[in-house]
Amino acid sequence: MERLKNMGLKRSFVLLASLCLLASAAMAAGICIACRQIAGGYPHGGIAIALDGTVTELAQPTAEQMRVLRLLNGIEMVSIAVLPVGGLGLASVLFYRLKLKRPISILQMGMERVRAHDLDFTIPAVSGDELGQVCGAFEAMRAELLRTNRQLWRQAEERKRLNAAFAHDLRNPVTVLKGTVKLLRRGGAEEQALDRLDAYTRRIEQYVEAMSGIQRLEQLPVQRGPVSLARLGEELEETVRLLAPALERSCTVPEAGQAALDHGLFLTAAENLIANAARFARTRVDISLRAGGGFLTLAVADDGPGFPPELLKTGPKPFGQQSGEADHLGMGLYGSALLCRKHGGELRLKNCPGAAALASFQIGGQA
């Protein structure tokens, strides 16, 4: 049976047809012999001529015997004509059941599941014949379709994350620009406001250019350069003032020193933490910037309800909604964590007495 299973379709059909024809021919011969033996016991009439020329009239069969003889003759004719055809029919049935039925049903099942957009199945190896090869080719096609679909899904998810991060990270600079425009309209600190407009416009331009050339958020390039800590302090103070205007705030920064970092990405990560703190703080946001041990550490604390336990356990995830807010998709903390890693550091989240939520990131960038 195993040999027949791996035999080609043409050879297997010829083999089954030959065997069935031989079997039917043997059955037909056996029936003919049996009928003639039975008919030999009946009188056939006629005459018998002996060697000496004597003629003897043989007994004539009765009407009943004639009907039996005709019936036996008919059985012989029918068996000779029908049994070979039946043998071919039996060969076809056996060929279908042994060689065609299972692979055809498997292929039909596979086509139905592919039509239903379900590729999470496998086509087993059924035989070594042509249909087995077709099943193997179908399985290879299914696996390739599944791999391609998963790749497209991952690309769609990456694009979704990239678009969400792009929209989220532009929100804070735009807020700062809006606040600066308000100051200009009130006629306050025009030179400083114009400098801020120029700096944030160039930063947004660089960010848009960087995001337009990547396929995944992790591919965002890091361009380090020396930045004074005093300048970072001024920018942090201005950012918290514009993002949390109604809250009490403090900003502690070293008076001297430099850091080697991507200025734009640092401010993006800092703005994400400050905006997140301003969103959930009740009355106060505190910011501190420290340098030491070859690292630069920024800590942002607020007196809000604190981080959810699940967030502290698993870390920030993209599109992870907190507090049931549909517009708060978790991209801020996730983006900050990613930008910290790209600077050789990490983002840390914890809940503390006196400061309900404390987010700090450490980057390798002290000059």
# chains A, B, ... in the order shown; residues from 1 in each chain; ligands from 1
call {"tool": "residues_around", "arguments": {"residues": "Thr252 of chain A", "least_positions_apart": "4", "cutoff": "10 Å", "atoms": "only C-alpha atoms", "output": "list in words"}}
result
Gly233, Leu236, Glu237, Asp286, Ile287, Ser288, Leu289, Arg290, Leu298 and Ala299 of chain A
call {"tool": "write_last_selection", "arguments": {"atoms": "C-alpha atoms", "output": "PDB file, in the first residue's frame"}}
result
ATOM      1  CA  GLY A 233      17.658  74.533  32.079  1.00  0.00           C
ATOM      2  CA  LEU A 236      13.014  73.239  30.505  1.00  0.00           C
ATOM      3  CA  GLU A 237      11.797  76.212  32.548  1.00  0.00           C
ATOM      4  CA  ASP A 286       8.827  69.633  39.837  1.00  0.00           C
ATOM      5  CA  ILE A 287      11.743  69.236  37.432  1.00  0.00           C
ATOM      6  CA  SER A 288      15.379  68.528  38.220  1.00  0.00           C
ATOM      7  CA  LEU A 289      18.382  68.023  35.930  1.00  0.00           C
ATOM      8  CA  ARG A 290      21.533  66.371  37.315  1.00  0.00           C
ATOM      9  CA  LEU A 298      16.177  64.422  34.143  1.00  0.00           C
ATOM     10  CA  ALA A 299      13.449  63.824  36.761  1.00  0.00           C
TER      11      ALA A 299
END
call {"tool": "residues_around", "arguments": {"residues": "segment 101-107 of chain A", "least_positions_apart": "6", "cutoff": "9 Å", "atoms": "only C-alpha atoms", "output": "list in words"}}
result
Phe95, Ile123, Pro124, Val126, Ser127, Leu131, Gly132, Val134, Cys135 and Phe138 of chain A
call {"tool": "write_last_selection", "arguments": {"atoms": "C-alpha atoms", "output": "short mmCIF file (atom, residue, chain, number, x, y, z; two decimals), in the first residue's frame"}}
result
data_model
loop_
_atom_site.label_atom_id
_atom_site.label_comp_id
_atom_site.auth_asym_id
_atom_site.auth_seq_id
_atom_site.Cartn_x
_atom_site.Cartn_y
_atom_site.Cartn_z
CA PHE A 95 -7.99 4.71 -7.67
CA ILE A 123 -1.21 21.01 4.59
CA PRO A 124 0.17 17.56 5.51
CA VAL A 126 -0.07 12.97 1.74
CA SER A 127 1.95 11.06 -0.86
CA LEU A 131 -1.08 15.31 -6.18
CA GLY A 132 1.27 15.05 -3.23
CA VAL A 134 0.58 19.82 -5.60
CA CYS A 135 -0.21 19.65 -1.87
CA PHE A 138 0.07 24.59 -1.84
#
call {"tool": "closest_residue", "arguments": {"among": "A:His263, A:Arg249, A:Arg224, A:Arg70", "to": "Thr283 of chain A", "atoms": "only C-alpha atoms"}}
result
A:Arg249
call {"tool": "residues_around", "arguments": {"residues": "Leu229 of chain A", "least_positions_apart": "4", "cutoff": "9 Å", "atoms": "only C-alpha atoms", "output": "ChimeraX atom specification"}}
result
/A:233-234,253-259,289,291
call {"tool": "select_by_dssp", "arguments": {"residues": "segment 211-292 of chain A", "states": "helix (DSSP H, G or I)", "output": "ChimeraX atom specification"}}
result
/A:211-212,217-219,229-243,263-280
call {"tool": "write_last_selection", "arguments": {"atoms": "C-alpha atoms", "output": "PDB file, in the first residue's frame"}}
result
ATOM      1  CA  MET A 211      10.671  61.096  10.504  1.00  0.00           C
ATOM      2  CA  SER A 212       9.985  61.233   6.759  1.00  0.00           C
ATOM      3  CA  LEU A 217      10.350  54.519  15.118  1.00  0.00           C
ATOM      4  CA  GLU A 218      13.494  52.684  16.258  1.00  0.00           C
ATOM      5  CA  GLN A 219      15.298  53.964  13.142  1.00  0.00           C
ATOM      6  CA  LEU A 229      23.300  72.586  30.853  1.00  0.00           C
ATOM      7  CA  ALA A 230      22.346  76.197  31.488  1.00  0.00           C
ATOM      8  CA  ARG A 231      20.666  76.356  28.087  1.00  0.00           C
ATOM      9  CA  LEU A 232      18.829  73.096  28.773  1.00  0.00           C
ATOM     10  CA  GLY A 233      17.658  74.533  32.079  1.00  0.00           C
ATOM     11  CA  GLU A 234      16.265  77.651  30.408  1.00  0.00           C
ATOM     12  CA  GLU A 235      14.450  75.536  27.838  1.00  0.00           C
ATOM     13  CA  LEU A 236      13.014  73.239  30.505  1.00  0.00           C
ATOM     14  CA  GLU A 237      11.797  76.212  32.548  1.00  0.00           C
ATOM     15  CA  GLU A 238      10.158  77.742  29.481  1.00  0.00           C
ATOM     16  CA  THR A 239       8.610  74.389  28.509  1.00  0.00           C
ATOM     17  CA  VAL A 240       7.030  73.730  31.903  1.00  0.00           C
ATOM     18  CA  ARG A 241       5.803  77.315  32.059  1.00  0.00           C
ATOM     19  CA  LEU A 242       4.024  76.974  28.694  1.00  0.00           C
ATOM     20  CA  LEU A 243       2.779  73.368  29.127  1.00  0.00           C
ATOM     21  CA  HIS A 263      19.335  68.389  21.479  1.00  0.00           C
ATOM     22  CA  GLY A 264      16.053  67.969  19.622  1.00  0.00           C
ATOM     23  CA  LEU A 265      15.427  64.380  20.810  1.00  0.00           C
ATOM     24  CA  PHE A 266      16.295  65.338  24.394  1.00  0.00           C
ATOM     25  CA  LEU A 267      13.746  68.151  24.349  1.00  0.00           C
ATOM     26  CA  THR A 268      11.169  65.837  22.763  1.00  0.00           C
ATOM     27  CA  ALA A 269      11.597  63.291  25.540  1.00  0.00           C
ATOM     28  CA  ALA A 270      11.587  66.003  28.208  1.00  0.00           C
ATOM     29  CA  GLU A 271       8.434  67.587  26.784  1.00  0.00           C
ATOM     30  CA  ASN A 272       6.700  64.212  26.774  1.00  0.00           C
ATOM     31  CA  LEU A 273       7.430  63.728  30.493  1.00  0.00           C
ATOM     32  CA  ILE A 274       6.483  67.304  31.371  1.00  0.00           C
ATOM     33  CA  ALA A 275       3.250  67.147  29.341  1.00  0.00           C
ATOM     34  CA  ASN A 276       2.359  63.823  30.958  1.00  0.00           C
ATOM     35  CA  ALA A 277       2.977  65.271  34.441  1.00  0.00           C
ATOM     36  CA  ALA A 278       0.974  68.411  33.621  1.00  0.00           C
ATOM     37  CA  ARG A 279      -1.915  66.235  32.424  1.00  0.00           C
ATOM     38  CA  PHE A 280      -2.275  64.343  35.717  1.00  0.00           C
TER      39      PHE A 280
END
